[in-house]
Amino acid sequence: MAVTVFLKKIGAIIAAVSAVILIAFTVYDGVFNKSASKDFFAMDTVISAKVTGKDSDLCVEKIEKLVTDLDGILSRHSKSSEVTALNNGVPDGMISDRLLGYLHTLIDISRKSGGAFDFTIGALSDLWSFGKNPKIPDGQDISAALTVSGYEKLSFEGNRVTKPDGMLIDFGATGKGIALDEIRTVLENSNAKSAVVSVGGSVLLYGSEKVTVGIREPYGNAGRSIASVDLNNTCVSTSGSYERCFDVNGKNYHHILDPETGYPVDNGLISVTVISESGVITDALSTACFVLGIEGGMNLAEEYGCEAVFITADKKIYATEKVSSEIRITDSDYTFMNYES
Ligand code: ADP
Ligand code: MG
């Protein structure tokens, strides 16, 4: 099977389906190789699950339920989610074990990235209002949002979380990866043979069968790839400055923010793709490596034992060692560069 998974939020499809596309279908190829697939909308993106295995039809239903439930915990745009309750200041600060576990994972990544990844910058993201009514915020408002942000300002006592008033926890950079890790458990428990599940720009490749993954052309057609690599049993996430962005006087303002300055990262990168067994690590690190730039991003990827591919605005491709030997450049406008640390 050669499936190309384009690492892209399918904006056009989102617009077309407006709310939910729920077309589940099942293909029989013998009892044990039964395949089922389902596309649905959650986590502010399109989710596509293709599963092969005896109970594949039940499995895609479980995946949909899992992601929908998870969104009900992590979404800060849902009135009833646990994160919204935390952001609004739950009276006693008590949160569930599940949310606590996620927060500890994110704190670890924030620390290791030196704060380049920071999941407490929701107030800042709100100011920029990407995806809704984007605008360049007032400098004083940016400073005020940064004052209430900063993962180091969170403190924990068992399940009790204390945070500054106005700090907004944002799983925007990690919810999709967390979903992939939990989906893998569903697949294991369902004895699935193989699966490809994409949650926006984060993809899980489950099973030993190799799948060709394409890195999308950042500037043009989302369906066109500039490079590809064959992968199995892993997760892949891409963060790009071409997502959720707007232009003012020819300058691009996008949704990956530098927690130090409060402004969109402007370091010559246009996308970063991270490959790792862990979904949450790929999702968080694609954002973190984008903020850190090539050198810092390479170091962080190495610290986590991940592979990473960096694409620059001037059409150069840099990659960590292992993926360098496996990647195929499919667009001659792009040049592969040997990276020497
Ligand atoms: P996408 O949402 O397109 O998958 P990312 O995974 O890179 O892209 O996540 C970007 C989102 O993460 C932003 O929309 C914002 O909510 C949040 N974010 C932006 N900058 C940072 C950062 N430096 N650290 C953590 N989260 C961030
Ligand atoms: Mg991410």
# chains A, B, ... in the order shown; residues from 1 in each chain; ligands from 1
$ closest_atom_pairs --of "chain A" --to "ligand 2" --cutoff "7 Å" --atoms "only C-alpha atoms and all ligand atoms" --output "JSON lines"
{"residue": "A:Ala173", "atom": "CA", "partner": "ligand 2", "partner_atom_place_in_ligand_line": "1 (Mg)", "distance": 3.7}
{"residue": "A:Thr174", "atom": "CA", "partner": "ligand 2", "partner_atom_place_in_ligand_line": "1 (Mg)", "distance": 5.2}
{"residue": "A:Ser237", "atom": "CA", "partner": "ligand 2", "partner_atom_place_in_ligand_line": "1 (Mg)", "distance": 6.7}
{"residue": "A:Thr238", "atom": "CA", "partner": "ligand 2", "partner_atom_place_in_ligand_line": "1 (Mg)", "distance": 6.9}
{"residue": "A:Ser239", "atom": "CA", "partner": "ligand 2", "partner_atom_place_in_ligand_line": "1 (Mg)", "distance": 5.9}
{"residue": "A:Asp283", "atom": "CA", "partner": "ligand 2", "partner_atom_place_in_ligand_line": "1 (Mg)", "distance": 3.6}
{"residue": "A:Ala284", "atom": "CA", "partner": "ligand 2", "partner_atom_place_in_ligand_line": "1 (Mg)", "distance": 4.6}
{"residue": "A:Leu285", "atom": "CA", "partner": "ligand 2", "partner_atom_place_in_ligand_line": "1 (Mg)", "distance": 6.7}
{"residue": "A:Ser286", "atom": "CA", "partner": "ligand 2", "partner_atom_place_in_ligand_line": "1 (Mg)", "distance": 5.4}
{"residue": "A:Thr287", "atom": "CA", "partner": "ligand 2", "partner_atom_place_in_ligand_line": "1 (Mg)", "distance": 4.9}
$ write_last_selection --atoms "N, CA, C and O atoms" --output "short mmCIF file (atom, residue, chain, number, x, y, z; two decimals), in the first residue's frame"
data_model
loop_
_atom_site.label_atom_id
_atom_site.label_comp_id
_atom_site.auth_asym_id
_atom_site.auth_seq_id
_atom_site.Cartn_x
_atom_site.Cartn_y
_atom_site.Cartn_z
N ALA A 173 -1.11 23.48 20.53
CA ALA A 173 0.07 22.90 19.89
C ALA A 173 0.27 21.43 20.24
O ALA A 173 1.21 20.82 19.74
N THR A 174 -0.58 20.88 21.09
CA THR A 174 -0.32 19.51 21.57
C THR A 174 -1.52 18.57 21.62
O THR A 174 -1.34 17.35 21.71
N SER A 237 4.41 15.12 12.88
CA SER A 237 3.65 16.38 12.97
C SER A 237 4.38 17.49 12.24
O SER A 237 5.61 17.56 12.29
N THR A 238 3.62 18.36 11.63
CA THR A 238 4.20 19.53 10.97
C THR A 238 3.60 20.81 11.52
O THR A 238 2.38 20.88 11.73
N SER A 239 4.46 21.80 11.79
CA SER A 239 3.98 23.15 12.12
C SER A 239 4.48 24.07 11.02
O SER A 239 5.66 24.02 10.65
N ASP A 283 4.08 16.68 18.20
CA ASP A 283 3.25 17.88 18.07
C ASP A 283 3.91 19.07 18.77
O ASP A 283 4.06 20.15 18.20
N ALA A 284 4.33 18.86 20.01
CA ALA A 284 4.95 19.96 20.77
C ALA A 284 6.29 20.36 20.15
O ALA A 284 6.60 21.54 20.03
N LEU A 285 7.06 19.37 19.74
CA LEU A 285 8.40 19.69 19.21
C LEU A 285 8.36 20.36 17.84
O LEU A 285 9.24 21.15 17.51
N SER A 286 7.33 20.06 17.03
CA SER A 286 7.28 20.76 15.74
C SER A 286 7.11 22.26 16.00
O SER A 286 7.73 23.10 15.34
N THR A 287 6.32 22.61 17.02
CA THR A 287 6.15 24.01 17.39
C THR A 287 7.44 24.55 18.03
O THR A 287 7.94 25.62 17.64
#
$ residues_around --residues "Thr335 of chain A" --least-positions-apart "4" --cutoff "7 Å" --atoms "only C-alpha atoms" --output "list in words"
Lys315, Lys316 and Ile317 of chain A
$ write_last_selection --atoms "N, CA and C atoms" --output "PDB file, in the first residue's frame"
ATOM      1  N   LYS A 315      13.617  28.133   0.491  1.00  0.00           N
ATOM      2  CA  LYS A 315      13.499  26.814  -0.165  1.00  0.00           C
ATOM      3  C   LYS A 315      14.709  25.910   0.049  1.00  0.00           C
ATOM      4  N   LYS A 316      15.200  25.899   1.277  1.00  0.00           N
ATOM      5  CA  LYS A 316      16.256  24.957   1.624  1.00  0.00           C
ATOM      6  C   LYS A 316      15.693  23.971   2.644  1.00  0.00           C
ATOM      7  N   ILE A 317      16.202  22.750   2.577  1.00  0.00           N
ATOM      8  CA  ILE A 317      15.726  21.700   3.481  1.00  0.00           C
ATOM      9  C   ILE A 317      16.891  21.201   4.324  1.00  0.00           C
TER      10      ILE A 317
END
$ closest_residue --among "A:Glu260, A:Asp39, A:Glu277, A:Glu209" --to "ligand 1" --atoms "only C-alpha atoms and all ligand atoms"
A:Glu260
$ select_by_dssp --residues "segment 32-252 of chain A" --states "strand (DSSP E or B)" --output "ChimeraX atom specification"
/A:35-42,45-52,94,121,155-157,160-162,168,194-199,202-206,211-216,225-231,234-240,245-248,251-252
$ residues_near_ligand --ligand "ligand 1" --cutoff "6 Å" --atoms "only C-alpha atoms and all ligand atoms" --output "CSV table (one decimal) with N, CA, C and O atoms, in the first residue's frame"
chain,number,residue,atom,x,y,z
A,116,ALA,N,10.8,28.0,24.7
A,116,ALA,CA,10.4,28.2,23.3
A,116,ALA,C,9.0,27.7,23.1
A,116,ALA,O,8.1,28.2,22.4
A,117,PHE,N,8.7,26.5,23.7
A,117,PHE,CA,7.4,25.9,23.8
A,117,PHE,C,6.8,26.4,25.1
A,117,PHE,O,7.4,26.1,26.1
A,118,ASP,N,5.7,27.0,25.1
A,118,ASP,CA,5.0,27.4,26.3
A,118,ASP,C,3.5,27.4,26.2
A,118,ASP,O,2.9,28.2,25.4
A,119,PHE,N,2.9,26.4,26.9
A,119,PHE,CA,1.5,26.1,26.7
A,119,PHE,C,0.6,27.1,27.5
A,119,PHE,O,-0.6,26.9,27.6
A,125,SER,N,-2.3,34.3,22.4
A,125,SER,CA,-2.9,33.8,21.2
A,125,SER,C,-4.2,34.5,21.0
A,125,SER,O,-4.6,34.8,19.8
A,170,ASP,N,-3.2,26.6,26.9
A,170,ASP,CA,-3.6,26.4,25.5
A,170,ASP,C,-3.0,25.1,25.0
A,170,ASP,O,-1.8,24.9,24.9
A,172,GLY,N,-3.4,24.1,22.0
A,172,GLY,CA,-3.4,24.2,20.6
A,172,GLY,C,-2.3,23.5,19.9
A,172,GLY,O,-2.4,23.0,18.8
A,173,ALA,N,-1.1,23.5,20.5
A,173,ALA,CA,0.1,22.9,19.9
A,173,ALA,C,0.3,21.4,20.2
A,173,ALA,O,1.2,20.8,19.7
A,201,GLY,N,-2.6,18.4,11.2
A,201,GLY,CA,-1.2,18.2,10.7
A,201,GLY,C,-0.4,17.1,11.5
A,201,GLY,O,0.8,17.1,11.4
A,239,SER,N,4.5,21.8,11.8
A,239,SER,CA,4.0,23.2,12.1
A,239,SER,C,4.5,24.1,11.0
A,239,SER,O,5.7,24.0,10.6
A,243,GLU,N,-0.1,28.3,8.0
A,243,GLU,CA,-1.3,28.0,8.6
A,243,GLU,C,-1.8,29.2,9.5
A,243,GLU,O,-0.9,29.8,10.1
A,255,HIS,N,0.6,32.0,13.4
A,255,HIS,CA,0.1,31.6,14.7
A,255,HIS,C,1.2,30.9,15.6
A,255,HIS,O,0.9,30.6,16.7
A,256,ILE,N,2.4,30.8,15.1
A,256,ILE,CA,3.5,30.2,16.0
A,256,ILE,C,4.2,31.4,16.6
A,256,ILE,O,4.9,32.2,16.0
A,257,LEU,N,4.0,31.6,18.0
A,257,LEU,CA,4.4,32.8,18.6
A,257,LEU,C,5.7,32.6,19.5
A,257,LEU,O,5.9,31.5,20.1
A,258,ASP,N,6.5,33.6,19.5
A,258,ASP,CA,7.7,33.5,20.3
A,258,ASP,C,7.3,34.0,21.7
A,258,ASP,O,7.0,35.1,21.9
A,259,PRO,N,7.3,33.1,22.7
A,259,PRO,CA,6.9,33.5,24.1
A,259,PRO,C,7.7,34.5,24.7
A,259,PRO,O,7.3,35.1,25.7
A,283,ASP,N,4.1,16.7,18.2
A,283,ASP,CA,3.2,17.9,18.1
A,283,ASP,C,3.9,19.1,18.8
A,283,ASP,O,4.1,20.2,18.2
A,287,THR,N,6.3,22.6,17.0
A,287,THR,CA,6.1,24.0,17.4
A,287,THR,C,7.4,24.5,18.0
A,287,THR,O,7.9,25.6,17.6
$ residues_around --residues "segment 310-314 of chain A" --least-positions-apart "6" --cutoff "7 Å" --atoms "only C-alpha atoms" --output "JSON, numbers by chain"
{"A": [268, 269, 270, 271, 272, 273, 294]}
$ residues_around --residues "Phe130 of chain A" --least-positions-apart "2" --cutoff "9 Å" --atoms "only C-alpha atoms" --output "VMD selection string"
chain A and resid 125 to 128 132 to 135 244 to 246 254 to 255
$ residues_around --residues "Val236 of chain A" --least-positions-apart "4" --cutoff "9 Å" --atoms "only C-alpha atoms" --output "list of chain:residue names"
A:Leu7, A:Gly177, A:Gly201, A:Ser202, A:Val203, A:Leu204, A:Leu205, A:Val213, A:Thr273, A:Val274, A:Ile275, A:Ser276, A:Glu277, A:Ser278, A:Gly279, A:Thr282, A:Asp283
$ write_last_selection --atoms "C-alpha atoms" --output "short mmCIF file (atom, residue, chain, number, x, y, z; two decimals), in the first residue's frame"
data_model
loop_
_atom_site.label_atom_id
_atom_site.label_comp_id
_atom_site.auth_asym_id
_atom_site.auth_seq_id
_atom_site.Cartn_x
_atom_site.Cartn_y
_atom_site.Cartn_z
CA LEU A 7 0.63 17.07 6.50
CA GLY A 177 -0.54 14.70 19.40
CA GLY A 201 -1.18 18.17 10.72
CA SER A 202 -0.38 15.30 13.08
CA VAL A 203 -0.42 11.72 11.80
CA LEU A 204 -0.13 8.29 13.41
CA LEU A 205 1.18 5.42 11.27
CA VAL A 213 4.44 10.57 3.97
CA THR A 273 8.20 18.36 10.62
CA VAL A 274 9.03 16.09 13.57
CA ILE A 275 9.00 12.28 13.57
CA SER A 276 8.84 10.28 16.80
CA GLU A 277 6.99 7.37 18.38
CA SER A 278 5.22 9.79 20.71
CA GLY A 279 2.40 11.89 19.26
CA THR A 282 6.01 15.31 17.69
CA ASP A 283 3.25 17.88 18.07
#
$ closest_residue --among "A:Cys289, A:Val186, A:Val90, A:Ile281" --to "Val265 of chain A" --atoms "only C-alpha atoms"
A:Cys289
$ atom_distance --atom1 "atom CA of Gly131 of chain A" --atom2 "atom CA of Phe171 of chain A"
15.4 Å
$ closest_residue --among "A:Asp55, A:Glu157, A:Glu61, A:Asp141" --to "Lys34 of chain A" --atoms "only C-alpha atoms"
A:Asp55
$ residues_around --residues "Leu100 of chain A" --least-positions-apart "4" --cutoff "12 Å" --atoms "only C-alpha atoms" --output "PyMOL selection string"
chain A and resi 73-74+82-83+86+93-96+104-107+154-161
$ write_last_selection --atoms "all heavy atoms" --output "compact mmCIF listing (two decimals), in the first residue's frame"
# COMPACT_ATOMS: atom_id res chain seq x y z
N ILE A 73 -12.26 17.81 27.02
CA ILE A 73 -11.39 18.12 28.17
C ILE A 73 -10.44 19.27 27.82
O ILE A 73 -10.27 20.20 28.58
CB ILE A 73 -10.53 16.87 28.56
CG1 ILE A 73 -11.42 15.72 28.98
CG2 ILE A 73 -9.55 17.23 29.67
CD1 ILE A 73 -10.66 14.42 29.23
N LEU A 74 -9.83 19.18 26.62
CA LEU A 74 -8.70 20.07 26.30
C LEU A 74 -9.07 21.37 25.59
O LEU A 74 -8.27 22.31 25.60
CB LEU A 74 -7.69 19.32 25.40
CG LEU A 74 -7.09 18.04 25.97
CD1 LEU A 74 -6.07 17.47 24.99
CD2 LEU A 74 -6.43 18.30 27.32
N GLU A 82 -12.75 20.90 30.68
CA GLU A 82 -12.02 21.03 31.94
C GLU A 82 -10.98 22.15 31.85
O GLU A 82 -10.74 22.86 32.84
CB GLU A 82 -11.35 19.69 32.28
CG GLU A 82 -10.96 19.66 33.73
CD GLU A 82 -10.29 18.38 34.19
OE1 GLU A 82 -10.20 17.42 33.42
OE2 GLU A 82 -9.84 18.39 35.35
N VAL A 83 -10.37 22.31 30.68
CA VAL A 83 -9.38 23.38 30.52
C VAL A 83 -10.05 24.75 30.65
O VAL A 83 -9.49 25.66 31.28
CB VAL A 83 -8.62 23.24 29.17
CG1 VAL A 83 -7.89 24.51 28.81
CG2 VAL A 83 -7.63 22.08 29.25
N LEU A 86 -10.47 25.39 34.23
CA LEU A 86 -9.18 25.77 34.83
C LEU A 86 -8.82 27.21 34.45
O LEU A 86 -8.39 28.00 35.30
CB LEU A 86 -8.10 24.79 34.36
CG LEU A 86 -6.67 25.05 34.81
CD1 LEU A 86 -6.55 25.00 36.34
CD2 LEU A 86 -5.72 24.03 34.21
N GLY A 93 -9.18 24.88 42.45
CA GLY A 93 -7.97 24.58 41.66
C GLY A 93 -7.76 23.10 41.40
O GLY A 93 -6.72 22.72 40.87
N MET A 94 -8.73 22.26 41.78
CA MET A 94 -8.54 20.81 41.64
C MET A 94 -8.83 20.37 40.19
O MET A 94 -9.86 20.73 39.63
CB MET A 94 -9.47 20.03 42.59
CG MET A 94 -9.16 20.25 44.05
SD MET A 94 -7.54 19.62 44.53
CE MET A 94 -7.93 17.90 44.75
N ILE A 95 -7.93 19.58 39.63
CA ILE A 95 -8.14 19.06 38.28
C ILE A 95 -8.02 17.53 38.28
O ILE A 95 -7.50 16.96 39.23
CB ILE A 95 -7.14 19.67 37.26
CG1 ILE A 95 -5.70 19.35 37.64
CG2 ILE A 95 -7.35 21.16 37.12
CD1 ILE A 95 -4.70 19.67 36.54
N SER A 96 -8.48 16.92 37.19
CA SER A 96 -8.48 15.45 37.12
C SER A 96 -7.05 14.92 36.95
O SER A 96 -6.15 15.64 36.53
CB SER A 96 -9.32 15.00 35.92
OG SER A 96 -8.67 15.39 34.72
N HIS A 104 1.82 17.92 33.26
CA HIS A 104 3.20 17.59 33.65
C HIS A 104 4.06 17.28 32.42
O HIS A 104 5.22 17.68 32.35
CB HIS A 104 3.23 16.43 34.65
CG HIS A 104 2.91 16.88 36.05
ND1 HIS A 104 3.57 17.93 36.65
CD2 HIS A 104 2.01 16.44 36.95
CE1 HIS A 104 3.07 18.12 37.87
NE2 HIS A 104 2.12 17.23 38.07
N THR A 105 3.46 16.58 31.45
CA THR A 105 4.21 16.30 30.20
C THR A 105 4.60 17.61 29.53
O THR A 105 5.73 17.79 29.08
CB THR A 105 3.32 15.47 29.23
OG1 THR A 105 2.90 14.30 29.90
CG2 THR A 105 4.06 15.10 27.96
N LEU A 106 3.64 18.55 29.47
CA LEU A 106 3.90 19.81 28.77
C LEU A 106 4.92 20.68 29.52
O LEU A 106 5.72 21.39 28.90
CB LEU A 106 2.61 20.59 28.55
CG LEU A 106 1.52 19.91 27.71
CD1 LEU A 106 0.54 20.93 27.19
CD2 LEU A 106 2.10 19.13 26.53
N ILE A 107 4.90 20.60 30.84
CA ILE A 107 5.88 21.38 31.62
C ILE A 107 7.29 20.88 31.31
O ILE A 107 8.22 21.65 31.11
CB ILE A 107 5.56 21.28 33.13
CG1 ILE A 107 4.40 22.22 33.41
CG2 ILE A 107 6.79 21.64 33.98
CD1 ILE A 107 4.01 22.36 34.84
N LEU A 154 3.17 28.43 37.11
CA LEU A 154 2.20 27.43 37.58
C LEU A 154 2.78 26.71 38.79
O LEU A 154 3.97 26.41 38.81
CB LEU A 154 1.96 26.36 36.50
CG LEU A 154 1.05 26.69 35.34
CD1 LEU A 154 1.13 25.57 34.31
CD2 LEU A 154 -0.39 26.84 35.83
N SER A 155 1.94 26.42 39.79
CA SER A 155 2.44 25.57 40.87
C SER A 155 1.42 24.47 41.17
O SER A 155 0.21 24.64 40.93
CB SER A 155 2.78 26.39 42.10
OG SER A 155 1.62 27.02 42.58
N PHE A 156 1.93 23.36 41.65
CA PHE A 156 1.10 22.16 41.85
C PHE A 156 1.24 21.66 43.28
O PHE A 156 2.32 21.71 43.86
CB PHE A 156 1.56 21.04 40.91
CG PHE A 156 1.35 21.35 39.46
CD1 PHE A 156 2.31 22.04 38.73
CD2 PHE A 156 0.19 20.96 38.81
CE1 PHE A 156 2.12 22.34 37.40
CE2 PHE A 156 -0.01 21.26 37.47
CZ PHE A 156 0.96 21.95 36.76
N GLU A 157 0.11 21.20 43.81
CA GLU A 157 0.12 20.53 45.11
C GLU A 157 -0.84 19.37 44.93
O GLU A 157 -2.05 19.55 44.99
CB GLU A 157 -0.41 21.52 46.15
CG GLU A 157 0.07 21.27 47.54
CD GLU A 157 -0.66 22.21 48.49
OE1 GLU A 157 -0.83 23.40 48.17
OE2 GLU A 157 -1.10 21.69 49.53
N GLY A 158 -0.31 18.19 44.61
CA GLY A 158 -1.19 17.08 44.23
C GLY A 158 -1.97 17.47 43.00
O GLY A 158 -1.38 17.91 42.01
N ASN A 159 -3.31 17.35 43.06
CA ASN A 159 -4.14 17.70 41.90
C ASN A 159 -4.57 19.17 41.90
O ASN A 159 -5.38 19.58 41.08
CB ASN A 159 -5.39 16.82 41.86
CG ASN A 159 -5.07 15.41 41.40
OD1 ASN A 159 -4.16 14.78 41.94
ND2 ASN A 159 -5.79 14.91 40.42
N ARG A 160 -4.03 19.94 42.86
CA ARG A 160 -4.41 21.35 42.94
C ARG A 160 -3.41 22.20 42.13
O ARG A 160 -2.21 22.10 42.33
CB ARG A 160 -4.41 21.82 44.40
CG ARG A 160 -5.08 23.16 44.62
CD ARG A 160 -4.98 23.58 46.09
NE ARG A 160 -5.44 22.55 47.00
CZ ARG A 160 -6.71 22.31 47.31
NH1 ARG A 160 -7.65 23.04 46.77
NH2 ARG A 160 -7.04 21.35 48.13
N VAL A 161 -3.97 23.00 41.22
CA VAL A 161 -3.11 23.85 40.38
C VAL A 161 -3.35 25.30 40.75
O VAL A 161 -4.49 25.74 40.86
CB VAL A 161 -3.47 23.70 38.88
CG1 VAL A 161 -2.48 24.45 38.01
CG2 VAL A 161 -3.52 22.26 38.47
$ atom_distance --atom1 "atom CA of Val291 of chain A" --atom2 "atom CA of Ser81 of chain A"
28.2 Å
$ residues_around --residues "segment 46-53 of chain A" --least-positions-apart "5" --cutoff "7 Å" --atoms "only C-alpha atoms" --output "PyMOL selection string"
chain A and resi 10+14+32-41+60+191-200
$ write_last_selection --atoms "C-alpha atoms" --output "short mmCIF file (atom, residue, chain, number, x, y, z; two decimals), in the first residue's frame"
data_model
loop_
_atom_site.label_atom_id
_atom_site.label_comp_id
_atom_site.auth_asym_id
_atom_site.auth_seq_id
_atom_site.Cartn_x
_atom_site.Cartn_y
_atom_site.Cartn_z
CA ILE A 10 -7.56 20.51 5.23
CA ILE A 14 -13.34 22.16 6.70
CA PHE A 32 -8.81 -10.38 9.46
CA ASN A 33 -8.03 -7.72 6.87
CA LYS A 34 -11.31 -5.88 7.11
CA SER A 35 -10.75 -2.13 6.60
CA ALA A 36 -12.88 0.73 7.82
CA SER A 37 -12.42 4.45 7.51
CA LYS A 38 -14.09 7.50 8.93
CA ASP A 39 -13.63 11.24 8.54
CA PHE A 40 -15.01 13.60 11.14
CA PHE A 41 -14.49 17.07 12.55
CA VAL A 60 -13.06 3.75 14.01
CA ASN A 191 -6.01 -5.81 17.85
CA ALA A 192 -5.83 -3.60 14.77
CA LYS A 193 -3.39 -4.75 12.12
CA SER A 194 -2.56 -1.35 10.69
CA ALA A 195 -3.91 2.18 10.67
CA VAL A 196 -3.29 5.67 9.38
CA VAL A 197 -4.92 8.37 11.49
CA SER A 198 -4.47 12.07 10.77
CA VAL A 199 -5.58 14.74 13.20
CA GLY A 200 -4.93 17.95 11.29
#
$ atom_distance --atom1 "atom CA of Val229 of chain A" --atom2 "atom CA of Phe336 of chain A"
13.7 Å
